[in-house]
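Asks: For reference, this is upload.txt, and it has compact mmCIF, C-alpha atoms.
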# COMPACT_ATOMS: atom_id res chain seq x y z
CA MET S 1 -9.01 -51.61 13.46
CA LYS S 2 -9.83 -49.36 16.41
CA LEU S 3 -12.70 -48.60 18.77
CA VAL S 4 -14.16 -45.10 18.51
CA ALA S 5 -17.13 -43.20 19.95
CA LEU S 6 -19.47 -41.73 17.33
CA HIS S 7 -21.24 -38.37 17.58
CA ASP S 8 -22.10 -37.57 13.94
CA LYS S 9 -25.66 -38.49 12.97
CA VAL S 10 -24.87 -38.36 9.26
CA GLU S 11 -21.98 -40.78 9.66
CA ILE S 12 -24.08 -43.19 11.71
CA GLU S 13 -27.02 -43.01 9.33
CA GLY S 14 -24.78 -43.73 6.37
CA PHE S 15 -23.80 -47.05 7.93
CA VAL S 16 -27.15 -48.27 9.28
CA ARG S 17 -28.99 -47.34 6.08
CA ARG S 18 -27.16 -50.23 4.40
CA ASN S 19 -29.70 -52.54 6.07
CA PRO S 20 -32.53 -50.34 7.35
CA PHE S 21 -34.85 -53.16 8.45
CA LEU S 22 -32.11 -54.74 10.57
CA HIS S 23 -31.30 -51.36 12.12
CA ILE S 24 -34.77 -49.80 12.47
CA TYR S 25 -34.20 -49.10 16.18
CA SER S 26 -30.86 -47.45 15.45
CA LEU S 27 -32.32 -45.29 12.69
CA GLY S 28 -35.24 -44.29 14.89
CA ASP S 29 -32.93 -43.42 17.76
CA LEU S 30 -31.20 -40.84 15.58
CA ASP S 31 -34.38 -38.77 15.89
CA ASP S 32 -34.13 -35.81 18.26
CA PHE S 33 -36.77 -37.48 20.45
CA PHE S 34 -34.39 -40.36 21.29
CA TRP S 35 -30.92 -39.04 20.38
CA PRO S 36 -30.03 -37.47 23.79
CA GLY S 37 -30.35 -40.91 25.38
CA THR S 38 -28.02 -42.72 22.99
CA VAL S 39 -24.34 -43.71 23.12
CA TRP S 40 -22.67 -45.06 19.97
CA TYR S 41 -19.45 -47.02 19.48
CA ALA S 42 -17.91 -48.23 16.26
CA LEU S 43 -15.13 -50.44 15.02
CA LYS S 44 -13.27 -48.52 12.32
CA ASP S 45 -10.72 -49.53 9.72
CA GLY S 46 -9.16 -46.17 8.98
CA LYS S 47 -12.15 -43.91 8.29
CA GLU S 48 -14.46 -46.77 7.36
CA ILE S 49 -17.05 -47.97 9.89
CA LYS S 50 -17.08 -51.74 10.05
CA GLN S 51 -19.59 -52.26 12.90
CA ILE S 52 -21.73 -50.12 15.21
CA LEU S 53 -23.06 -50.60 18.76
CA LEU S 54 -25.94 -48.55 20.14
CA MET S 55 -26.63 -48.18 23.86
CA TYR S 56 -29.94 -46.56 24.83
CA VAL S 57 -29.38 -45.31 28.38
CA PRO S 58 -32.39 -43.40 29.84
CA LEU S 59 -33.99 -46.61 31.12
CA LYS S 60 -33.49 -48.23 34.52
CA LEU S 61 -31.96 -51.04 32.50
CA PRO S 62 -29.97 -49.66 29.52
CA SER S 63 -30.56 -51.42 26.21
CA LEU S 64 -27.82 -52.48 23.77
CA GLN S 65 -28.30 -53.04 20.03
CA ALA S 66 -25.57 -55.23 18.51
CA LEU S 67 -27.02 -56.57 15.27
CA THR S 68 -24.91 -57.47 12.29
CA GLU S 69 -24.39 -59.51 9.16
CA GLU S 70 -20.71 -59.88 10.11
CA PRO S 71 -20.63 -61.59 13.53
CA GLU S 72 -16.83 -61.94 13.74
CA GLU S 73 -16.33 -58.19 13.39
CA MET S 74 -19.14 -57.45 15.86
CA SER S 75 -17.58 -59.88 18.32
CA ASP S 76 -14.35 -57.88 18.05
CA LEU S 77 -16.26 -54.66 18.71
CA LEU S 78 -18.03 -56.10 21.75
CA GLY S 79 -14.73 -57.30 23.14
CA ALA S 80 -13.09 -53.92 22.61
CA ALA S 81 -16.02 -52.00 24.12
CA SER S 82 -16.78 -54.31 27.04
CA HIS S 83 -15.02 -52.06 29.56
CA LEU S 84 -17.31 -49.18 28.52
CA LEU S 85 -20.58 -51.05 28.92
CA PRO S 86 -22.85 -50.70 31.98
CA ARG S 87 -22.63 -53.14 34.85
CA ARG S 88 -26.04 -54.45 33.86
CA PHE S 89 -27.94 -54.07 30.62
CA TYR S 90 -30.43 -55.67 28.26
CA ALA S 91 -29.16 -56.66 24.83
CA HIS S 92 -30.32 -57.51 21.34
CA LEU S 93 -27.49 -59.62 19.94
CA SER S 94 -27.08 -61.39 16.65
CA GLU S 95 -26.95 -65.12 17.40
CA GLY S 96 -23.73 -66.28 19.05
CA LEU S 97 -22.54 -62.83 20.12
CA ALA S 98 -23.35 -63.31 23.79
CA ASN S 99 -20.32 -65.61 23.85
CA ALA S 100 -18.07 -62.58 23.37
CA LEU S 101 -19.16 -61.22 26.78
CA GLU S 102 -19.56 -64.41 28.81
CA ASP S 103 -16.09 -64.16 30.36
CA GLU S 104 -17.09 -60.95 32.16
CA TYR S 105 -20.87 -61.00 32.39
CA GLN S 106 -23.49 -63.40 33.64
CA VAL S 107 -25.85 -63.99 30.72
CA ASN S 108 -29.55 -64.52 31.31
CA ARG S 109 -31.01 -65.58 27.96
CA HIS S 110 -34.58 -64.63 27.08
CA GLY S 111 -34.90 -66.54 23.83
CA ILE S 112 -34.54 -66.25 20.10
CA PHE S 113 -36.43 -63.54 18.24
CA HIS S 114 -37.16 -62.68 14.62
CA LYS S 115 -36.96 -59.28 13.05
CA MET S 116 -39.80 -58.87 10.59
CA ALA S 117 -40.17 -56.27 7.85
CA LEU S 118 -43.34 -55.00 6.17
CA THR S 119 -42.52 -55.89 2.57
CA GLU S 120 -46.00 -56.57 1.11
CA PRO S 121 -48.14 -53.66 2.34
CA SER S 122 -50.83 -54.35 -0.26
CA GLN S 123 -52.04 -57.18 2.00
CA LEU S 124 -53.21 -54.59 4.53
CA GLN S 125 -56.01 -53.52 2.21
CA THR S 126 -57.82 -56.84 2.63
CA ILE S 127 -58.54 -56.14 6.32
CA ASP S 128 -61.53 -54.12 7.53
CA THR S 129 -60.22 -51.69 10.15
CA SER S 130 -63.36 -49.59 10.56
CA GLU S 131 -63.75 -50.49 14.27
CA VAL S 132 -60.24 -49.36 15.17
CA VAL S 133 -59.87 -46.01 16.95
CA SER S 134 -56.89 -43.72 17.48
CA LEU S 135 -55.65 -43.45 21.07
CA THR S 136 -54.39 -40.28 22.73
CA THR S 137 -52.94 -39.32 26.09
CA ALA S 138 -56.52 -39.14 27.38
CA ASP S 139 -56.70 -42.93 26.95
CA LEU S 140 -53.64 -43.57 29.13
CA PRO S 141 -55.56 -44.92 32.17
CA ASP S 142 -57.48 -47.42 30.01
CA LEU S 143 -54.31 -48.38 28.19
CA GLU S 144 -52.32 -49.01 31.37
CA ARG S 145 -55.23 -51.01 32.79
CA LEU S 146 -55.26 -53.21 29.69
CA TYR S 147 -51.50 -53.76 29.86
CA SER S 148 -51.70 -54.70 33.54
CA ILE S 149 -54.20 -57.43 32.64
CA SER S 150 -52.93 -58.69 29.30
CA TYR S 151 -49.23 -57.75 29.12
CA PRO S 152 -47.82 -57.31 32.65
CA GLY S 153 -44.19 -56.33 32.82
CA ASN S 154 -44.05 -54.90 29.30
CA TRP S 155 -41.95 -51.87 28.41
CA PHE S 156 -44.20 -48.90 27.62
CA ASP S 157 -43.03 -45.31 27.22
CA ARG S 158 -46.17 -43.20 27.70
CA ARG S 159 -44.54 -40.39 25.69
CA MET S 160 -45.05 -42.51 22.57
CA LEU S 161 -48.79 -41.81 22.74
CA GLU S 162 -47.91 -38.30 21.59
CA THR S 163 -46.83 -39.68 18.22
CA GLY S 164 -50.46 -40.39 17.33
CA GLN S 165 -49.40 -43.92 16.38
CA TYR S 166 -51.30 -45.90 19.00
CA TYR S 167 -54.57 -47.56 18.04
CA GLY S 168 -57.10 -49.66 19.88
CA MET S 169 -60.45 -51.39 19.81
CA ARG S 170 -63.23 -51.06 22.35
CA ARG S 171 -66.12 -53.25 23.40
CA GLY S 172 -68.55 -51.05 25.27
CA ALA S 173 -66.51 -48.68 27.39
CA GLY S 174 -63.58 -51.05 27.73
CA LEU S 175 -60.38 -51.14 25.71
CA VAL S 176 -59.87 -54.74 24.58
CA GLY S 177 -56.91 -54.41 22.21
CA VAL S 178 -54.02 -52.08 21.39
CA ALA S 179 -51.06 -51.73 19.06
CA GLY S 180 -48.45 -48.99 19.04
CA VAL S 181 -44.81 -48.20 18.41
CA HIS S 182 -41.55 -48.60 20.30
CA VAL S 183 -39.66 -46.42 17.82
CA TYR S 184 -41.08 -43.84 15.43
CA SER S 185 -39.39 -41.12 13.39
CA GLU S 186 -40.94 -39.05 10.65
CA LYS S 187 -37.55 -37.50 9.92
CA TYR S 188 -35.84 -40.84 9.34
CA ARG S 189 -39.06 -42.45 8.05
CA VAL S 190 -38.90 -45.59 10.17
CA ALA S 191 -41.15 -47.24 12.74
CA ALA S 192 -41.07 -50.35 14.91
CA LEU S 193 -44.36 -51.82 16.12
CA GLY S 194 -44.64 -52.62 19.80
CA ASN S 195 -46.88 -52.95 22.85
CA VAL S 196 -49.37 -55.10 20.96
CA ALA S 197 -51.85 -56.66 23.39
CA THR S 198 -55.34 -58.14 23.55
CA HIS S 199 -57.49 -58.62 26.64
CA PRO S 200 -57.46 -62.33 27.61
CA ASP S 201 -61.26 -62.56 27.22
CA TYR S 202 -61.06 -61.43 23.59
CA ARG S 203 -58.11 -63.38 22.24
CA GLY S 204 -58.42 -65.56 19.16
CA ARG S 205 -60.78 -63.17 17.38
CA GLY S 206 -58.24 -61.38 15.18
CA ILE S 207 -58.45 -58.14 17.17
CA ALA S 208 -54.69 -57.56 17.37
CA THR S 209 -54.29 -58.32 13.65
CA THR S 210 -56.99 -55.79 12.78
CA ILE S 211 -55.50 -53.09 14.99
CA CYS S 212 -52.01 -53.72 13.59
CA ALA S 213 -53.39 -53.38 10.07
CA LYS S 214 -54.80 -49.95 10.90
CA LEU S 215 -51.55 -48.93 12.60
CA CYS S 216 -49.46 -50.02 9.61
CA LYS S 217 -51.69 -48.12 7.20
CA SER S 218 -51.11 -45.01 9.29
CA LEU S 219 -47.37 -45.56 9.64
CA LEU S 220 -46.87 -45.99 5.89
CA GLN S 221 -48.01 -42.42 5.38
CA LYS S 222 -44.90 -41.24 7.26
CA ALA S 223 -42.44 -44.17 7.14
CA ASP S 224 -40.65 -46.04 4.36
CA HIS S 225 -39.52 -48.90 6.62
CA VAL S 226 -41.85 -50.54 9.16
CA GLY S 227 -40.66 -53.51 11.20
CA LEU S 228 -41.13 -55.40 14.44
CA ASN S 229 -39.55 -57.95 16.76
CA VAL S 230 -41.32 -61.18 17.71
CA LYS S 231 -40.27 -64.21 19.73
CA ALA S 232 -39.44 -67.11 17.42
CA GLU S 233 -41.65 -69.52 19.35
CA ASN S 234 -44.71 -67.25 19.00
CA THR S 235 -45.91 -68.95 15.83
CA TYR S 236 -49.45 -67.58 16.17
CA ALA S 237 -48.21 -63.97 16.11
CA ILE S 238 -45.77 -64.70 13.29
CA ARG S 239 -48.55 -66.10 11.10
CA ALA S 240 -50.69 -63.06 11.86
CA TYR S 241 -47.89 -60.67 10.91
CA GLU S 242 -47.25 -62.62 7.73
CA ARG S 243 -50.92 -62.15 6.80
CA LEU S 244 -50.34 -58.41 7.16
CA GLY S 245 -47.43 -58.49 4.72
CA PHE S 246 -44.45 -58.91 7.05
CA LYS S 247 -41.62 -61.35 6.41
CA ARG S 248 -38.74 -62.56 8.59
CA ILE S 249 -35.45 -60.86 7.69
CA ALA S 250 -33.13 -61.69 10.63
CA THR S 251 -32.84 -63.75 13.81
CA TYR S 252 -31.28 -62.54 17.03
CA GLU S 253 -31.13 -63.25 20.77
CA GLU S 254 -32.32 -61.14 23.70
CA CYS S 255 -30.36 -61.35 26.95
CA THR S 256 -29.81 -59.59 30.23
CA LEU S 257 -26.11 -59.25 31.02
CA SER S 258 -24.90 -58.55 34.54
CA LEU S 259 -21.58 -58.34 36.29
CA PRO S 260 -21.71 -60.90 39.11
CA ASP S 261 -22.86 -58.48 41.85
CA THR S 262 -25.62 -56.67 39.88
CA ASN S 263 -28.26 -59.32 39.23
CA HIS S 264 -31.75 -57.81 39.62
CA ASN S 265 -35.03 -58.02 37.70
CA ILE S 266 -35.82 -54.79 35.84
CA ASN S 267 -37.76 -54.40 32.60
CA ALA S 268 -36.17 -52.95 29.49
CA ARG S 269 -37.24 -51.76 26.07
CA PRO S 270 -37.77 -54.79 23.80
How does the structure come out when it is put into structure tokens?

Replies:
Amino acid sequence: MKLVALHDKVEIEGFVRRNPFLHIYSLGDLDDFFWPGTVWYALKDGKEIKQILLMYVPLKLPSLQALTEEPEEMSDLLGAASHLLPRRFYAHLSEGLANALEDEYQVNRHGIFHKMALTEPSQLQTIDTSEVVSLTTADLPDLERLYSISYPGNWFDRRMLETGQYYGMRRGAGLVGVAGVHVYSEKYRVAALGNVATHPDYRGRGIATTICAKLCKSLLQKADHVGLNVKAENTYAIRAYERLGFKRIATYEECTLSLPDTNHNINARP
């Protein structure tokens, strides 16, 4: 098998479509909105793709996607591509794969996460979302203020407000809850929820669940596959997502990897 760089969207899509919920970020990043910032490597056996790596590079801290159902093959790909990877990057790695890079990189582990897939969308209809409002670029100051209070240090690309897939809830003039997307593509019909937050004074009231229900109803008009990532220890959020119709479909690890002289604290896309 050999390491190759990939440049053909059709070829990449053909591989990641085999497990679209596992590869929602990769599918979304094929969209023209994200594509210019992507670098793709594959392990090939002849003409057949065995594994794919995605590096999203426009960020201060590039983000690697290395998710698989075949960890031994992905470990081979990581080993073969290690000399091409940045000196420092954030990574989503199927469990155990960080070991393939530990000889070269310092690994700062951020915990175990679940990928969840919206598989029972009928459950969304049981939730009253009448108080939820759509957010636009005009709401950016309120949104950034809420994140600074309730979700400091999160990764938020303000361009994603232009998708029309950010929703919130207000109490008086203040924004007290929000849910949006990290990845969204009408062309590839996928979306990944992200930047979900509730003001500390309003937590425990089901606000985030209600907003997410409205968001998911909207996304399903344009997407066939809706997913999200959640930390495995966040049992409260997991139960809320399960009430919305999500189920856990994979487990992975998030890490920051640095060559010994490049250890700094910079946020990255989850």

Asks: Sort by chain and increasing residue number a table of all residues of stretch 77-162 of chain S within 8 Å of stretch 176-192 of chain S, each with its closest pair of atoms and their distance in Å to one decimal, counting only C-alpha atoms, and write it as JSON lines.

Replies:
{"residue": "S:Leu143", "atom": "CA", "partner": "S:Val178", "partner_atom": "CA", "distance": 7.7}
{"residue": "S:Leu146", "atom": "CA", "partner": "S:Val176", "partner_atom": "CA", "distance": 7.1}
{"residue": "S:Phe156", "atom": "CA", "partner": "S:His182", "partner_atom": "CA", "distance": 7.8}
{"residue": "S:Asp157", "atom": "CA", "partner": "S:His182", "partner_atom": "CA", "distance": 7.8}
{"residue": "S:Met160", "atom": "CA", "partner": "S:Val181", "partner_atom": "CA", "distance": 7.1}

Asks: Need to verify the contact set: S:Arg109, 7 Å, only C-alpha atoms, exclusion of same-chain residues closer than 5 positions in sequence. Can you return it as a ChimeraX atom specification?

Replies: /S:254-256

Asks: Here is a test: counting all atoms listed in the file, which residue of S:Ser26, S:Gln165, S:Ser258, S:Thr198 is nearest to S:Ser150?

Replies: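 Of the candidates, the smallest distance to S:Ser150 is held by S:Thr198.
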
Asks: Could you give me, as a list in words, the residues that sit within 10 Å of (-51.5, -57.2, 1.4) in the file's coordinates, counting all atoms listed in the file?

Replies: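 Every residue inside that radius is included here: Leu118, Thr119, Glu120, Pro121, Ser122, Gln123, Leu124, Gln125, Thr126, Ile127, Ala213, Glu242, Arg243, Leu244, Gly245 and Phe246 of chain S.
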
Asks: Would you mind exporting the chosen residues as a PDB file, in the coordinates of the input, restricted to C-alpha atoms?

Replies:
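New file selection_29.pdb:
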ATOM      1  CA  LEU S 118     -43.340 -55.000   6.170  1.00  0.00           C
ATOM      2  CA  THR S 119     -42.520 -55.890   2.570  1.00  0.00           C
ATOM      3  CA  GLU S 120     -46.000 -56.570   1.110  1.00  0.00           C
ATOM      4  CA  PRO S 121     -48.140 -53.660   2.340  1.00  0.00           C
ATOM      5  CA  SER S 122     -50.830 -54.350  -0.260  1.00  0.00           C
ATOM      6  CA  GLN S 123     -52.040 -57.180   2.000  1.00  0.00           C
ATOM      7  CA  LEU S 124     -53.210 -54.590   4.530  1.00  0.00           C
ATOM      8  CA  GLN S 125     -56.010 -53.520   2.210  1.00  0.00           C
ATOM      9  CA  THR S 126     -57.820 -56.840   2.630  1.00  0.00           C
ATOM     10  CA  ILE S 127     -58.540 -56.140   6.320  1.00  0.00           C
ATOM     11  CA  ALA S 213     -53.390 -53.380  10.070  1.00  0.00           C
ATOM     12  CA  GLU S 242     -47.250 -62.620   7.730  1.00  0.00           C
ATOM     13  CA  ARG S 243     -50.920 -62.150   6.800  1.00  0.00           C
ATOM     14  CA  LEU S 244     -50.340 -58.410   7.160  1.00  0.00           C
ATOM     15  CA  GLY S 245     -47.430 -58.490   4.720  1.00  0.00           C
ATOM     16  CA  PHE S 246     -44.450 -58.910   7.050  1.00  0.00           C
TER      17      PHE S 246
END

Asks: What is the distance, in Å and to one decimal place, between atom CA of S:Tyr151 and atom CA of S:Asp201?

Replies: 13.1 Å

Asks: Once 8 Å is added on each side, what centre and edge lengths in Å to one decimal does the axis-aligned box around all listed atoms of stretch 144-163 of chain S have, as AutoDock Vina command-line options?

Replies:
--center_x -48.6 --center_y -48.5 --center_z 25.9 --size_x 29.3 --size_y 36.4 --size_z 31.3

Asks: Taking all atoms listed in the file into account, which of S:Thr163, S:Gln51, S:Asn195, S:Asn234 comes nearest S:Tyr147?

Replies: S:Asn195

Asks: Would you list the residues near (-49.6, -56.6, 11.9), meaning any protein, DNA or RNA residue with an atom at most 7 Å from that point in file coordinates, counting all atoms listed in the file, as a list in words?

Replies: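 Taken together, the residues in range are Thr209, Cys212, Ala213, Cys216, Ala240, Tyr241 and Leu244 of chain S.
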
Asks: What does the structure give for the distance between atom CA of S:Arg87 and atom CA of S:Pro260, in Å to one decimal?

Replies: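 About the pair atom CA of S:Arg87 and atom CA of S:Pro260: they are 8.9 Å apart.
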
Asks: Between S:Leu93, S:Val57, S:Val39, S:Ala250, which is the closest to S:Asp8 once you count all atoms listed in the file?

Replies: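 Of the candidates, the smallest distance to S:Asp8 is held by S:Val39.
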
Asks: With all atoms listed in the file as the atoms that count, which of S:Met116, S:Val16, S:Leu30, S:Leu193 lies nearest to S:Ile249?

Replies: S:Met116
